[in-house]
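The file final-v8.cif comes next; it holds mmCIF, N, CA and C atoms.
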data_run
loop_
_atom_site.label_atom_id
_atom_site.label_comp_id
_atom_site.auth_asym_id
_atom_site.auth_seq_id
_atom_site.Cartn_x
_atom_site.Cartn_y
_atom_site.Cartn_z
N GLN U 1 -120.45 81.74 -74.71
CA GLN U 1 -119.98 82.11 -73.38
C GLN U 1 -120.97 83.03 -72.70
N VAL U 2 -121.07 82.87 -71.41
CA VAL U 2 -121.93 83.71 -70.58
C VAL U 2 -121.06 84.39 -69.55
N GLN U 3 -121.17 85.70 -69.47
CA GLN U 3 -120.47 86.45 -68.43
C GLN U 3 -121.49 86.86 -67.38
N LEU U 4 -121.14 86.63 -66.13
CA LEU U 4 -122.04 86.94 -65.02
C LEU U 4 -121.37 87.95 -64.09
N VAL U 5 -122.11 88.96 -63.69
CA VAL U 5 -121.57 89.96 -62.79
C VAL U 5 -122.57 90.18 -61.65
N GLU U 6 -122.11 89.89 -60.43
CA GLU U 6 -122.94 90.09 -59.25
C GLU U 6 -122.77 91.51 -58.71
N SER U 7 -123.79 91.99 -58.06
CA SER U 7 -123.73 93.29 -57.39
C SER U 7 -124.75 93.28 -56.26
N GLY U 8 -124.64 94.30 -55.40
CA GLY U 8 -125.61 94.45 -54.33
C GLY U 8 -125.13 94.01 -52.96
N GLY U 9 -123.94 93.46 -52.89
CA GLY U 9 -123.42 93.06 -51.60
C GLY U 9 -123.07 94.27 -50.74
N GLY U 10 -122.77 94.01 -49.48
CA GLY U 10 -122.39 95.09 -48.58
C GLY U 10 -122.46 94.66 -47.14
N LEU U 11 -122.45 95.65 -46.27
CA LEU U 11 -122.50 95.43 -44.83
C LEU U 11 -123.90 95.75 -44.33
N VAL U 12 -124.47 94.84 -43.56
CA VAL U 12 -125.81 95.04 -43.03
C VAL U 12 -125.88 94.47 -41.62
N GLN U 13 -126.73 95.03 -40.81
CA GLN U 13 -126.90 94.51 -39.45
C GLN U 13 -127.78 93.27 -39.46
N ALA U 14 -127.60 92.45 -38.46
CA ALA U 14 -128.43 91.26 -38.32
C ALA U 14 -129.90 91.67 -38.29
N GLY U 15 -130.71 90.89 -39.00
CA GLY U 15 -132.13 91.19 -39.12
C GLY U 15 -132.46 92.03 -40.34
N GLY U 16 -131.46 92.58 -40.98
CA GLY U 16 -131.67 93.42 -42.14
C GLY U 16 -131.83 92.64 -43.42
N SER U 17 -131.89 93.38 -44.52
CA SER U 17 -132.12 92.78 -45.84
C SER U 17 -131.14 93.33 -46.86
N LEU U 18 -130.89 92.52 -47.86
CA LEU U 18 -130.12 92.92 -49.02
C LEU U 18 -130.71 92.24 -50.24
N ARG U 19 -130.55 92.87 -51.39
CA ARG U 19 -130.92 92.23 -52.64
C ARG U 19 -129.71 92.18 -53.55
N LEU U 20 -129.30 90.98 -53.90
CA LEU U 20 -128.21 90.80 -54.84
C LEU U 20 -128.76 90.68 -56.25
N SER U 21 -127.98 91.16 -57.20
CA SER U 21 -128.31 91.02 -58.61
C SER U 21 -127.20 90.29 -59.33
N CYS U 22 -127.58 89.58 -60.36
CA CYS U 22 -126.61 88.89 -61.21
C CYS U 22 -127.00 89.20 -62.65
N ALA U 23 -126.21 90.02 -63.29
CA ALA U 23 -126.48 90.43 -64.66
C ALA U 23 -125.63 89.61 -65.62
N ALA U 24 -126.28 89.16 -66.67
CA ALA U 24 -125.60 88.32 -67.64
C ALA U 24 -125.39 89.05 -68.95
N SER U 25 -124.34 88.68 -69.62
CA SER U 25 -124.08 89.16 -70.98
C SER U 25 -123.49 88.02 -71.79
N GLY U 26 -123.55 88.17 -73.08
CA GLY U 26 -123.02 87.13 -73.94
C GLY U 26 -124.10 86.25 -74.53
N ARG U 27 -125.02 85.83 -73.68
CA ARG U 27 -126.14 85.01 -74.13
C ARG U 27 -127.34 85.32 -73.26
N THR U 28 -128.50 85.01 -73.77
CA THR U 28 -129.69 85.18 -72.96
C THR U 28 -129.74 84.11 -71.89
N LEU U 29 -130.19 84.52 -70.71
CA LEU U 29 -130.27 83.59 -69.58
C LEU U 29 -131.51 82.71 -69.60
N SER U 30 -132.42 82.99 -70.49
CA SER U 30 -133.72 82.33 -70.42
C SER U 30 -133.64 80.82 -70.55
N ASN U 31 -132.56 80.30 -71.15
CA ASN U 31 -132.42 78.85 -71.31
C ASN U 31 -131.62 78.20 -70.19
N TYR U 32 -131.15 78.98 -69.25
CA TYR U 32 -130.25 78.49 -68.22
C TYR U 32 -130.92 78.41 -66.85
N ALA U 33 -130.64 77.32 -66.16
CA ALA U 33 -130.92 77.30 -64.73
C ALA U 33 -129.92 78.23 -64.05
N MET U 34 -130.37 78.92 -63.02
CA MET U 34 -129.51 79.86 -62.32
C MET U 34 -129.43 79.49 -60.85
N GLY U 35 -128.25 79.61 -60.32
CA GLY U 35 -128.07 79.28 -58.91
C GLY U 35 -127.28 80.34 -58.18
N TRP U 36 -127.45 80.38 -56.88
CA TRP U 36 -126.62 81.19 -56.00
C TRP U 36 -125.91 80.25 -55.03
N PHE U 37 -124.64 80.49 -54.87
CA PHE U 37 -123.81 79.77 -53.91
C PHE U 37 -123.09 80.79 -53.05
N ARG U 38 -122.55 80.33 -51.95
CA ARG U 38 -121.78 81.23 -51.10
C ARG U 38 -120.62 80.49 -50.49
N GLN U 39 -119.61 81.25 -50.12
CA GLN U 39 -118.44 80.66 -49.47
C GLN U 39 -117.93 81.62 -48.41
N ALA U 40 -117.91 81.13 -47.19
CA ALA U 40 -117.37 81.88 -46.07
C ALA U 40 -115.91 81.52 -45.88
N PRO U 41 -115.12 82.41 -45.25
CA PRO U 41 -113.70 82.11 -45.04
C PRO U 41 -113.49 80.80 -44.31
N GLY U 42 -112.63 79.97 -44.84
CA GLY U 42 -112.32 78.71 -44.19
C GLY U 42 -113.36 77.63 -44.34
N LYS U 43 -114.40 77.91 -45.11
CA LYS U 43 -115.47 76.92 -45.29
C LYS U 43 -115.62 76.54 -46.75
N GLU U 44 -116.26 75.41 -46.98
CA GLU U 44 -116.53 74.97 -48.33
C GLU U 44 -117.67 75.80 -48.95
N ARG U 45 -117.69 75.80 -50.26
CA ARG U 45 -118.78 76.46 -50.96
C ARG U 45 -120.10 75.80 -50.61
N GLU U 46 -121.11 76.61 -50.42
CA GLU U 46 -122.42 76.14 -49.98
C GLU U 46 -123.48 76.55 -50.98
N PHE U 47 -124.35 75.62 -51.29
CA PHE U 47 -125.49 75.91 -52.16
C PHE U 47 -126.50 76.76 -51.40
N VAL U 48 -127.00 77.81 -52.07
CA VAL U 48 -128.00 78.67 -51.46
C VAL U 48 -129.38 78.42 -52.07
N VAL U 49 -129.48 78.58 -53.38
CA VAL U 49 -130.77 78.45 -54.03
C VAL U 49 -130.57 78.35 -55.53
N ALA U 50 -131.53 77.73 -56.22
CA ALA U 50 -131.50 77.66 -57.68
C ALA U 50 -132.92 77.82 -58.22
N ILE U 51 -132.99 78.30 -59.45
CA ILE U 51 -134.27 78.45 -60.14
C ILE U 51 -134.14 77.86 -61.53
N SER U 52 -135.16 77.15 -61.97
CA SER U 52 -135.11 76.49 -63.26
C SER U 52 -135.20 77.49 -64.41
N ALA U 53 -134.82 77.02 -65.59
CA ALA U 53 -134.89 77.87 -66.77
C ALA U 53 -136.33 78.22 -67.11
N ILE U 54 -137.21 77.23 -67.01
CA ILE U 54 -138.64 77.47 -67.24
C ILE U 54 -139.43 76.88 -66.09
N GLY U 55 -140.61 77.37 -65.90
CA GLY U 55 -141.50 76.82 -64.89
C GLY U 55 -141.35 77.41 -63.50
N GLY U 56 -140.30 78.19 -63.28
CA GLY U 56 -140.15 78.84 -61.99
C GLY U 56 -139.92 77.89 -60.82
N ILE U 57 -139.37 76.72 -61.08
CA ILE U 57 -139.09 75.79 -59.99
C ILE U 57 -137.90 76.28 -59.19
N ARG U 58 -138.05 76.26 -57.86
CA ARG U 58 -137.00 76.75 -56.98
C ARG U 58 -136.60 75.67 -55.99
N THR U 59 -135.32 75.59 -55.73
CA THR U 59 -134.79 74.71 -54.70
C THR U 59 -133.93 75.54 -53.77
N TYR U 60 -134.21 75.47 -52.48
CA TYR U 60 -133.50 76.27 -51.49
C TYR U 60 -132.65 75.39 -50.59
N GLY U 61 -131.52 75.93 -50.19
CA GLY U 61 -130.73 75.28 -49.17
C GLY U 61 -131.44 75.40 -47.82
N ASP U 62 -131.22 74.44 -46.96
CA ASP U 62 -131.94 74.40 -45.68
C ASP U 62 -131.69 75.65 -44.83
N SER U 63 -130.49 76.18 -44.91
CA SER U 63 -130.13 77.30 -44.03
C SER U 63 -130.79 78.61 -44.42
N VAL U 64 -131.37 78.68 -45.61
CA VAL U 64 -131.94 79.95 -46.06
C VAL U 64 -133.45 79.87 -46.34
N LYS U 65 -134.02 78.71 -46.19
CA LYS U 65 -135.45 78.55 -46.45
C LYS U 65 -136.27 79.50 -45.59
N GLY U 66 -137.21 80.16 -46.23
CA GLY U 66 -138.09 81.08 -45.53
C GLY U 66 -137.51 82.48 -45.37
N ARG U 67 -136.23 82.65 -45.72
CA ARG U 67 -135.60 83.97 -45.57
C ARG U 67 -135.13 84.54 -46.91
N PHE U 68 -134.69 83.69 -47.79
CA PHE U 68 -134.14 84.13 -49.08
C PHE U 68 -135.12 83.76 -50.19
N THR U 69 -135.13 84.59 -51.24
CA THR U 69 -135.99 84.33 -52.40
C THR U 69 -135.21 84.62 -53.68
N ILE U 70 -135.25 83.68 -54.59
CA ILE U 70 -134.62 83.88 -55.89
C ILE U 70 -135.70 84.23 -56.91
N SER U 71 -135.33 85.12 -57.82
CA SER U 71 -136.23 85.45 -58.92
C SER U 71 -135.40 85.76 -60.15
N ARG U 72 -136.07 85.77 -61.28
CA ARG U 72 -135.35 86.07 -62.52
C ARG U 72 -136.21 86.96 -63.40
N ASP U 73 -135.53 87.83 -64.12
CA ASP U 73 -136.18 88.70 -65.09
C ASP U 73 -135.47 88.46 -66.41
N ASN U 74 -136.03 87.60 -67.21
CA ASN U 74 -135.36 87.23 -68.46
C ASN U 74 -135.27 88.41 -69.43
N ALA U 75 -136.22 89.32 -69.35
CA ALA U 75 -136.16 90.49 -70.23
C ALA U 75 -134.95 91.35 -69.92
N LYS U 76 -134.54 91.36 -68.65
CA LYS U 76 -133.37 92.12 -68.24
C LYS U 76 -132.12 91.26 -68.14
N ASN U 77 -132.29 89.96 -68.44
CA ASN U 77 -131.14 89.04 -68.36
C ASN U 77 -130.48 89.09 -66.99
N THR U 78 -131.32 89.12 -65.97
CA THR U 78 -130.84 89.32 -64.61
C THR U 78 -131.55 88.36 -63.65
N VAL U 79 -130.81 87.90 -62.67
CA VAL U 79 -131.34 87.07 -61.60
C VAL U 79 -131.10 87.81 -60.28
N TYR U 80 -132.05 87.66 -59.37
CA TYR U 80 -131.97 88.37 -58.11
C TYR U 80 -132.00 87.38 -56.94
N LEU U 81 -131.41 87.81 -55.85
CA LEU U 81 -131.49 87.08 -54.59
C LEU U 81 -131.89 88.07 -53.52
N GLN U 82 -133.13 87.96 -53.08
CA GLN U 82 -133.61 88.79 -51.98
C GLN U 82 -133.31 88.07 -50.68
N MET U 83 -132.58 88.73 -49.81
CA MET U 83 -132.17 88.13 -48.55
C MET U 83 -132.76 88.93 -47.39
N ASN U 84 -133.61 88.29 -46.63
CA ASN U 84 -134.25 88.93 -45.48
C ASN U 84 -133.82 88.23 -44.19
N SER U 85 -134.07 88.90 -43.09
CA SER U 85 -133.74 88.34 -41.76
C SER U 85 -132.32 87.81 -41.73
N LEU U 86 -131.41 88.61 -42.20
CA LEU U 86 -130.02 88.17 -42.31
C LEU U 86 -129.41 87.90 -40.94
N LYS U 87 -128.52 86.91 -40.93
CA LYS U 87 -127.84 86.49 -39.71
C LYS U 87 -126.33 86.61 -39.92
N PRO U 88 -125.57 86.74 -38.85
CA PRO U 88 -124.11 86.80 -39.00
C PRO U 88 -123.56 85.59 -39.77
N GLU U 89 -124.18 84.44 -39.61
CA GLU U 89 -123.69 83.25 -40.31
C GLU U 89 -123.98 83.28 -41.81
N ASP U 90 -124.70 84.29 -42.29
CA ASP U 90 -124.88 84.46 -43.72
C ASP U 90 -123.70 85.19 -44.36
N THR U 91 -122.79 85.67 -43.56
CA THR U 91 -121.61 86.36 -44.07
C THR U 91 -120.80 85.44 -44.97
N ALA U 92 -120.56 85.90 -46.19
CA ALA U 92 -119.85 85.08 -47.18
C ALA U 92 -119.70 85.89 -48.46
N VAL U 93 -118.92 85.34 -49.37
CA VAL U 93 -118.93 85.82 -50.75
C VAL U 93 -120.01 85.04 -51.48
N TYR U 94 -120.89 85.76 -52.15
CA TYR U 94 -122.01 85.14 -52.86
C TYR U 94 -121.72 85.13 -54.35
N TYR U 95 -121.92 83.97 -54.95
CA TYR U 95 -121.66 83.78 -56.37
C TYR U 95 -122.94 83.36 -57.08
N CYS U 96 -123.16 83.91 -58.26
CA CYS U 96 -124.22 83.35 -59.09
C CYS U 96 -123.59 82.46 -60.14
N ALA U 97 -124.38 81.53 -60.63
CA ALA U 97 -123.89 80.56 -61.59
C ALA U 97 -125.01 80.17 -62.54
N ALA U 98 -124.62 79.76 -63.74
CA ALA U 98 -125.58 79.39 -64.78
C ALA U 98 -125.30 77.98 -65.27
N ALA U 99 -126.36 77.22 -65.43
CA ALA U 99 -126.24 75.85 -65.92
C ALA U 99 -127.00 75.71 -67.22
N ALA U 100 -126.30 75.27 -68.25
CA ALA U 100 -126.93 75.08 -69.56
C ALA U 100 -127.88 73.88 -69.52
N PRO U 101 -128.89 73.88 -70.38
CA PRO U 101 -129.87 72.79 -70.35
C PRO U 101 -129.37 71.46 -70.90
N ALA U 102 -128.29 71.48 -71.65
CA ALA U 102 -127.77 70.25 -72.26
C ALA U 102 -127.49 69.21 -71.19
N GLY U 103 -128.14 68.08 -71.29
CA GLY U 103 -127.93 67.00 -70.33
C GLY U 103 -128.68 67.17 -69.03
N ARG U 104 -129.33 68.32 -68.84
CA ARG U 104 -130.02 68.56 -67.57
C ARG U 104 -131.49 68.88 -67.76
N GLY U 105 -131.84 69.45 -68.87
CA GLY U 105 -133.22 69.84 -69.10
C GLY U 105 -133.50 71.22 -68.58
N TYR U 106 -134.71 71.70 -68.91
CA TYR U 106 -135.07 73.06 -68.58
C TYR U 106 -135.69 73.21 -67.20
N TYR U 107 -135.85 72.10 -66.48
CA TYR U 107 -136.43 72.16 -65.14
C TYR U 107 -135.40 71.89 -64.05
N TYR U 108 -134.15 71.90 -64.43
CA TYR U 108 -133.05 71.61 -63.52
C TYR U 108 -132.91 72.69 -62.45
N THR U 109 -132.71 72.25 -61.20
CA THR U 109 -132.41 73.17 -60.10
C THR U 109 -131.40 72.51 -59.17
N GLY U 110 -130.30 72.08 -59.74
CA GLY U 110 -129.34 71.31 -58.95
C GLY U 110 -128.59 72.13 -57.93
N SER U 111 -128.08 71.44 -56.93
CA SER U 111 -127.34 72.06 -55.84
C SER U 111 -125.84 71.79 -55.89
N GLU U 112 -125.39 71.08 -56.90
CA GLU U 112 -123.98 70.77 -57.03
C GLU U 112 -123.28 71.81 -57.90
N GLY U 113 -122.30 72.45 -57.33
CA GLY U 113 -121.59 73.48 -58.08
C GLY U 113 -120.94 72.97 -59.35
N ARG U 114 -120.53 71.73 -59.33
CA ARG U 114 -119.85 71.18 -60.51
C ARG U 114 -120.78 71.07 -61.71
N ASP U 115 -122.07 71.16 -61.50
CA ASP U 115 -123.02 71.06 -62.58
C ASP U 115 -123.29 72.41 -63.25
N TYR U 116 -122.69 73.46 -62.75
CA TYR U 116 -122.91 74.78 -63.31
C TYR U 116 -121.74 75.13 -64.24
N ASP U 117 -122.07 75.78 -65.33
CA ASP U 117 -121.08 76.02 -66.38
C ASP U 117 -120.40 77.37 -66.30
N TYR U 118 -121.09 78.36 -65.78
CA TYR U 118 -120.55 79.71 -65.76
C TYR U 118 -120.74 80.30 -64.36
N TRP U 119 -119.75 81.10 -63.96
CA TRP U 119 -119.74 81.67 -62.62
C TRP U 119 -119.39 83.16 -62.68
N GLY U 120 -119.98 83.91 -61.76
CA GLY U 120 -119.57 85.29 -61.58
C GLY U 120 -118.37 85.39 -60.67
N GLN U 121 -117.94 86.62 -60.43
CA GLN U 121 -116.73 86.83 -59.63
C GLN U 121 -117.03 86.92 -58.14
N GLY U 122 -118.31 87.05 -57.81
CA GLY U 122 -118.72 87.08 -56.41
C GLY U 122 -118.90 88.48 -55.87
N THR U 123 -119.74 88.57 -54.85
CA THR U 123 -119.95 89.82 -54.14
C THR U 123 -120.00 89.54 -52.65
N GLN U 124 -119.34 90.38 -51.87
CA GLN U 124 -119.22 90.14 -50.42
C GLN U 124 -120.46 90.61 -49.69
N VAL U 125 -120.96 89.75 -48.83
CA VAL U 125 -122.05 90.10 -47.92
C VAL U 125 -121.53 89.91 -46.50
N THR U 126 -121.62 90.96 -45.71
CA THR U 126 -121.19 90.90 -44.32
C THR U 126 -122.34 91.31 -43.42
N VAL U 127 -122.68 90.43 -42.48
CA VAL U 127 -123.78 90.69 -41.56
C VAL U 127 -123.20 90.86 -40.17
N SER U 128 -123.38 92.02 -39.59
CA SER U 128 -122.84 92.29 -38.26
C SER U 128 -123.88 91.95 -37.19
N SER U 129 -123.38 91.55 -36.04
CA SER U 129 -124.28 91.14 -34.95
C SER U 129 -124.63 92.31 -34.05
#
Please lay out the structure from this file as structure tokens.
Amino acid sequence: QVQLVESGGGLVQAGGSLRLSCAASGRTLSNYAMGWFRQAPGKEREFVVAISAIGGIRTYGDSVKGRFTISRDNAKNTVYLQMNSLKPEDTAVYYCAAAAPAGRGYYYTGSEGRDYDYWGQGTQVTVSS
């Protein structure tokens, strides 16, 4: 089992930045693809970004390309989401998720939430205009 805990959310003005963290326990994250998703009130869950277990392959959702950056520190068992140039439409609960390599490989960076095995509880990000 992998337990994921997000932190770093909060209230920020449009144009500002935030860095979210996702700390894992239970198992090392180095074998897992990691993803960030978000869900705004009344909307479906949206893929934000994913990073592969090895090779540093990244896949970004169209709405965040050029503004958000995912990184991982396997020594700290932590994944980060740097969010710059934030917009009001980025307001949502942000979730990190982990996908095991079984059946997917170590270069997986999928955007489908159903392909992820473990989820955090989420952290709220609110961007004011």
For the atom pair CA of Val79 (chain U) and CA of Ser63 (chain U), what is the interatomic distance in Å to one decimal place?
20.1 Å
Run DSSP on the backbone and tell me which residues of chain U come out as helix (DSSP H, G or I); list them as an mmCIF file with N, CA and C atoms, keeping the file's coordinate frame.
data_model
loop_
_atom_site.group_PDB
_atom_site.id
_atom_site.type_symbol
_atom_site.label_atom_id
_atom_site.label_comp_id
_atom_site.auth_asym_id
_atom_site.auth_seq_id
_atom_site.Cartn_x
_atom_site.Cartn_y
_atom_site.Cartn_z
ATOM 1 N N LEU U 29 -130.190 84.520 -70.710
ATOM 2 C CA LEU U 29 -130.270 83.590 -69.580
ATOM 3 C C LEU U 29 -131.510 82.710 -69.600
ATOM 4 N N SER U 30 -132.420 82.990 -70.490
ATOM 5 C CA SER U 30 -133.720 82.330 -70.420
ATOM 6 C C SER U 30 -133.640 80.820 -70.550
ATOM 7 N N ASN U 31 -132.560 80.300 -71.150
ATOM 8 C CA ASN U 31 -132.420 78.850 -71.310
ATOM 9 C C ASN U 31 -131.620 78.200 -70.190
ATOM 10 N N PRO U 88 -125.570 86.740 -38.850
ATOM 11 C CA PRO U 88 -124.110 86.800 -39.000
ATOM 12 C C PRO U 88 -123.560 85.590 -39.770
ATOM 13 N N GLU U 89 -124.180 84.440 -39.610
ATOM 14 C CA GLU U 89 -123.690 83.250 -40.310
ATOM 15 C C GLU U 89 -123.980 83.280 -41.810
ATOM 16 N N ASP U 90 -124.700 84.290 -42.290
ATOM 17 C CA ASP U 90 -124.880 84.460 -43.720
ATOM 18 C C ASP U 90 -123.700 85.190 -44.360
ATOM 19 N N GLY U 113 -122.300 72.450 -57.330
ATOM 20 C CA GLY U 113 -121.590 73.480 -58.080
ATOM 21 C C GLY U 113 -120.940 72.970 -59.350
ATOM 22 N N ARG U 114 -120.530 71.730 -59.330
ATOM 23 C CA ARG U 114 -119.850 71.180 -60.510
ATOM 24 C C ARG U 114 -120.780 71.070 -61.710
ATOM 25 N N ASP U 115 -122.070 71.160 -61.500
ATOM 26 C CA ASP U 115 -123.020 71.060 -62.580
ATOM 27 C C ASP U 115 -123.290 72.410 -63.250
#
Between CA of Ser25 (chain U) and CA of Val2 (chain U), what is the distance in Å, rounded to a tenth?
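The value is 5.9 Å.
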Would you mind telling me which residue in U:Thr91, U:Ala102, U:Val64, U:Gly16 lies nearest to Lys43 (chain U) when using only C-alpha atoms?
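Looking at the shortest contact to Lys43 (chain U), the residue is U:Thr91.
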Can you pull out every residue within 5 Å of region 45-62 of chain U, counting all atoms listed in the file, but drop anything in the same chain fewer than 4 positions away, and send it as a PyMOL selection string?
chain U and resi 30-39+106-108
For the selection you just gave me, I'd like the residues written to a file as a PDB file, in the frame of the given file, keeping N, CA and C atoms.
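Okay, selection.pdb is ready:
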ATOM      1  N   SER U  30    -132.420  82.990 -70.490  1.00  0.00           N
ATOM      2  CA  SER U  30    -133.720  82.330 -70.420  1.00  0.00           C
ATOM      3  C   SER U  30    -133.640  80.820 -70.550  1.00  0.00           C
ATOM      4  N   ASN U  31    -132.560  80.300 -71.150  1.00  0.00           N
ATOM      5  CA  ASN U  31    -132.420  78.850 -71.310  1.00  0.00           C
ATOM      6  C   ASN U  31    -131.620  78.200 -70.190  1.00  0.00           C
ATOM      7  N   TYR U  32    -131.150  78.980 -69.250  1.00  0.00           N
ATOM      8  CA  TYR U  32    -130.250  78.490 -68.220  1.00  0.00           C
ATOM      9  C   TYR U  32    -130.920  78.410 -66.850  1.00  0.00           C
ATOM     10  N   ALA U  33    -130.640  77.320 -66.160  1.00  0.00           N
ATOM     11  CA  ALA U  33    -130.920  77.300 -64.730  1.00  0.00           C
ATOM     12  C   ALA U  33    -129.920  78.230 -64.050  1.00  0.00           C
ATOM     13  N   MET U  34    -130.370  78.920 -63.020  1.00  0.00           N
ATOM     14  CA  MET U  34    -129.510  79.860 -62.320  1.00  0.00           C
ATOM     15  C   MET U  34    -129.430  79.490 -60.850  1.00  0.00           C
ATOM     16  N   GLY U  35    -128.250  79.610 -60.320  1.00  0.00           N
ATOM     17  CA  GLY U  35    -128.070  79.280 -58.910  1.00  0.00           C
ATOM     18  C   GLY U  35    -127.280  80.340 -58.180  1.00  0.00           C
ATOM     19  N   TRP U  36    -127.450  80.380 -56.880  1.00  0.00           N
ATOM     20  CA  TRP U  36    -126.620  81.190 -56.000  1.00  0.00           C
ATOM     21  C   TRP U  36    -125.910  80.250 -55.030  1.00  0.00           C
ATOM     22  N   PHE U  37    -124.640  80.490 -54.870  1.00  0.00           N
ATOM     23  CA  PHE U  37    -123.810  79.770 -53.910  1.00  0.00           C
ATOM     24  C   PHE U  37    -123.090  80.790 -53.050  1.00  0.00           C
ATOM     25  N   ARG U  38    -122.550  80.330 -51.950  1.00  0.00           N
ATOM     26  CA  ARG U  38    -121.780  81.230 -51.100  1.00  0.00           C
ATOM     27  C   ARG U  38    -120.620  80.490 -50.490  1.00  0.00           C
ATOM     28  N   GLN U  39    -119.610  81.250 -50.120  1.00  0.00           N
ATOM     29  CA  GLN U  39    -118.440  80.660 -49.470  1.00  0.00           C
ATOM     30  C   GLN U  39    -117.930  81.620 -48.410  1.00  0.00           C
ATOM     31  N   TYR U 106    -134.710  71.700 -68.910  1.00  0.00           N
ATOM     32  CA  TYR U 106    -135.070  73.060 -68.580  1.00  0.00           C
ATOM     33  C   TYR U 106    -135.690  73.210 -67.200  1.00  0.00           C
ATOM     34  N   TYR U 107    -135.850  72.100 -66.480  1.00  0.00           N
ATOM     35  CA  TYR U 107    -136.430  72.160 -65.140  1.00  0.00           C
ATOM     36  C   TYR U 107    -135.400  71.890 -64.050  1.00  0.00           C
ATOM     37  N   TYR U 108    -134.150  71.900 -64.430  1.00  0.00           N
ATOM     38  CA  TYR U 108    -133.050  71.610 -63.520  1.00  0.00           C
ATOM     39  C   TYR U 108    -132.910  72.690 -62.450  1.00  0.00           C
TER      40      TYR U 108
END
Distance of CA of Gly120 (chain U) from CA of Lys76 (chain U), expressed in Å to one decimal place:
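Answer for the CA of Lys76 (chain U) to CA of Gly120 (chain U) separation: 16.8 Å.
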Choose the residue, out of U:Gly66, U:Pro88, U:Gly9, U:Gly103, that has the smallest atom-to-atom separation from Gly122 (chain U); count only N, CA and C atoms.
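Smallest separation from Gly122 (chain U) among the options: U:Gly9.
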Measuring atom to atom with only N, CA and C atoms, identify which of U:Asp73, U:Thr78, U:Ser111, U:Ser7 is nearest to Arg19 (chain U).
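The shortest atom-to-atom distance to Arg19 (chain U) comes from U:Ser7.
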Take region 53-64 of chain U, model N, CA, C and O atoms, and hand the result over as a PDB file, in the coordinates of the input.
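Wrote it out as out-v7.pdb, contents follow:
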ATOM      1  N   ALA U  53    -134.820  77.020 -65.590  1.00  0.00           N
ATOM      2  CA  ALA U  53    -134.890  77.870 -66.770  1.00  0.00           C
ATOM      3  C   ALA U  53    -136.330  78.220 -67.110  1.00  0.00           C
ATOM      4  O   ALA U  53    -136.650  79.358 -67.450  1.00  0.00           O
ATOM      5  N   ILE U  54    -137.210  77.230 -67.010  1.00  0.00           N
ATOM      6  CA  ILE U  54    -138.640  77.470 -67.240  1.00  0.00           C
ATOM      7  C   ILE U  54    -139.430  76.880 -66.090  1.00  0.00           C
ATOM      8  O   ILE U  54    -138.937  76.027 -65.351  1.00  0.00           O
ATOM      9  N   GLY U  55    -140.610  77.370 -65.900  1.00  0.00           N
ATOM     10  CA  GLY U  55    -141.500  76.820 -64.890  1.00  0.00           C
ATOM     11  C   GLY U  55    -141.350  77.410 -63.500  1.00  0.00           C
ATOM     12  O   GLY U  55    -142.164  77.154 -62.630  1.00  0.00           O
ATOM     13  N   GLY U  56    -140.300  78.190 -63.280  1.00  0.00           N
ATOM     14  CA  GLY U  56    -140.150  78.840 -61.990  1.00  0.00           C
ATOM     15  C   GLY U  56    -139.920  77.890 -60.820  1.00  0.00           C
ATOM     16  O   GLY U  56    -140.252  78.217 -59.673  1.00  0.00           O
ATOM     17  N   ILE U  57    -139.370  76.720 -61.080  1.00  0.00           N
ATOM     18  CA  ILE U  57    -139.090  75.790 -59.990  1.00  0.00           C
ATOM     19  C   ILE U  57    -137.900  76.280 -59.190  1.00  0.00           C
ATOM     20  O   ILE U  57    -136.898  76.700 -59.751  1.00  0.00           O
ATOM     21  N   ARG U  58    -138.050  76.260 -57.860  1.00  0.00           N
ATOM     22  CA  ARG U  58    -137.000  76.750 -56.980  1.00  0.00           C
ATOM     23  C   ARG U  58    -136.600  75.670 -55.990  1.00  0.00           C
ATOM     24  O   ARG U  58    -137.457  74.972 -55.455  1.00  0.00           O
ATOM     25  N   THR U  59    -135.320  75.590 -55.730  1.00  0.00           N
ATOM     26  CA  THR U  59    -134.790  74.710 -54.700  1.00  0.00           C
ATOM     27  C   THR U  59    -133.930  75.540 -53.770  1.00  0.00           C
ATOM     28  O   THR U  59    -133.039  76.251 -54.229  1.00  0.00           O
ATOM     29  N   TYR U  60    -134.210  75.470 -52.480  1.00  0.00           N
ATOM     30  CA  TYR U  60    -133.500  76.270 -51.490  1.00  0.00           C
ATOM     31  C   TYR U  60    -132.650  75.390 -50.590  1.00  0.00           C
ATOM     32  O   TYR U  60    -133.034  74.270 -50.231  1.00  0.00           O
ATOM     33  N   GLY U  61    -131.520  75.930 -50.190  1.00  0.00           N
ATOM     34  CA  GLY U  61    -130.730  75.280 -49.170  1.00  0.00           C
ATOM     35  C   GLY U  61    -131.440  75.400 -47.820  1.00  0.00           C
ATOM     36  O   GLY U  61    -132.154  76.366 -47.577  1.00  0.00           O
ATOM     37  N   ASP U  62    -131.220  74.440 -46.960  1.00  0.00           N
ATOM     38  CA  ASP U  62    -131.940  74.400 -45.680  1.00  0.00           C
ATOM     39  C   ASP U  62    -131.690  75.650 -44.830  1.00  0.00           C
ATOM     40  O   ASP U  62    -132.575  76.111 -44.121  1.00  0.00           O
ATOM     41  N   SER U  63    -130.490  76.180 -44.910  1.00  0.00           N
ATOM     42  CA  SER U  63    -130.130  77.300 -44.030  1.00  0.00           C
ATOM     43  C   SER U  63    -130.790  78.610 -44.420  1.00  0.00           C
ATOM     44  O   SER U  63    -130.771  79.558 -43.627  1.00  0.00           O
ATOM     45  N   VAL U  64    -131.370  78.680 -45.610  1.00  0.00           N
ATOM     46  CA  VAL U  64    -131.940  79.950 -46.060  1.00  0.00           C
ATOM     47  C   VAL U  64    -133.450  79.870 -46.340  1.00  0.00           C
ATOM     48  O   VAL U  64    -134.067  80.889 -46.679  1.00  0.00           O
TER      49      VAL U  64
END
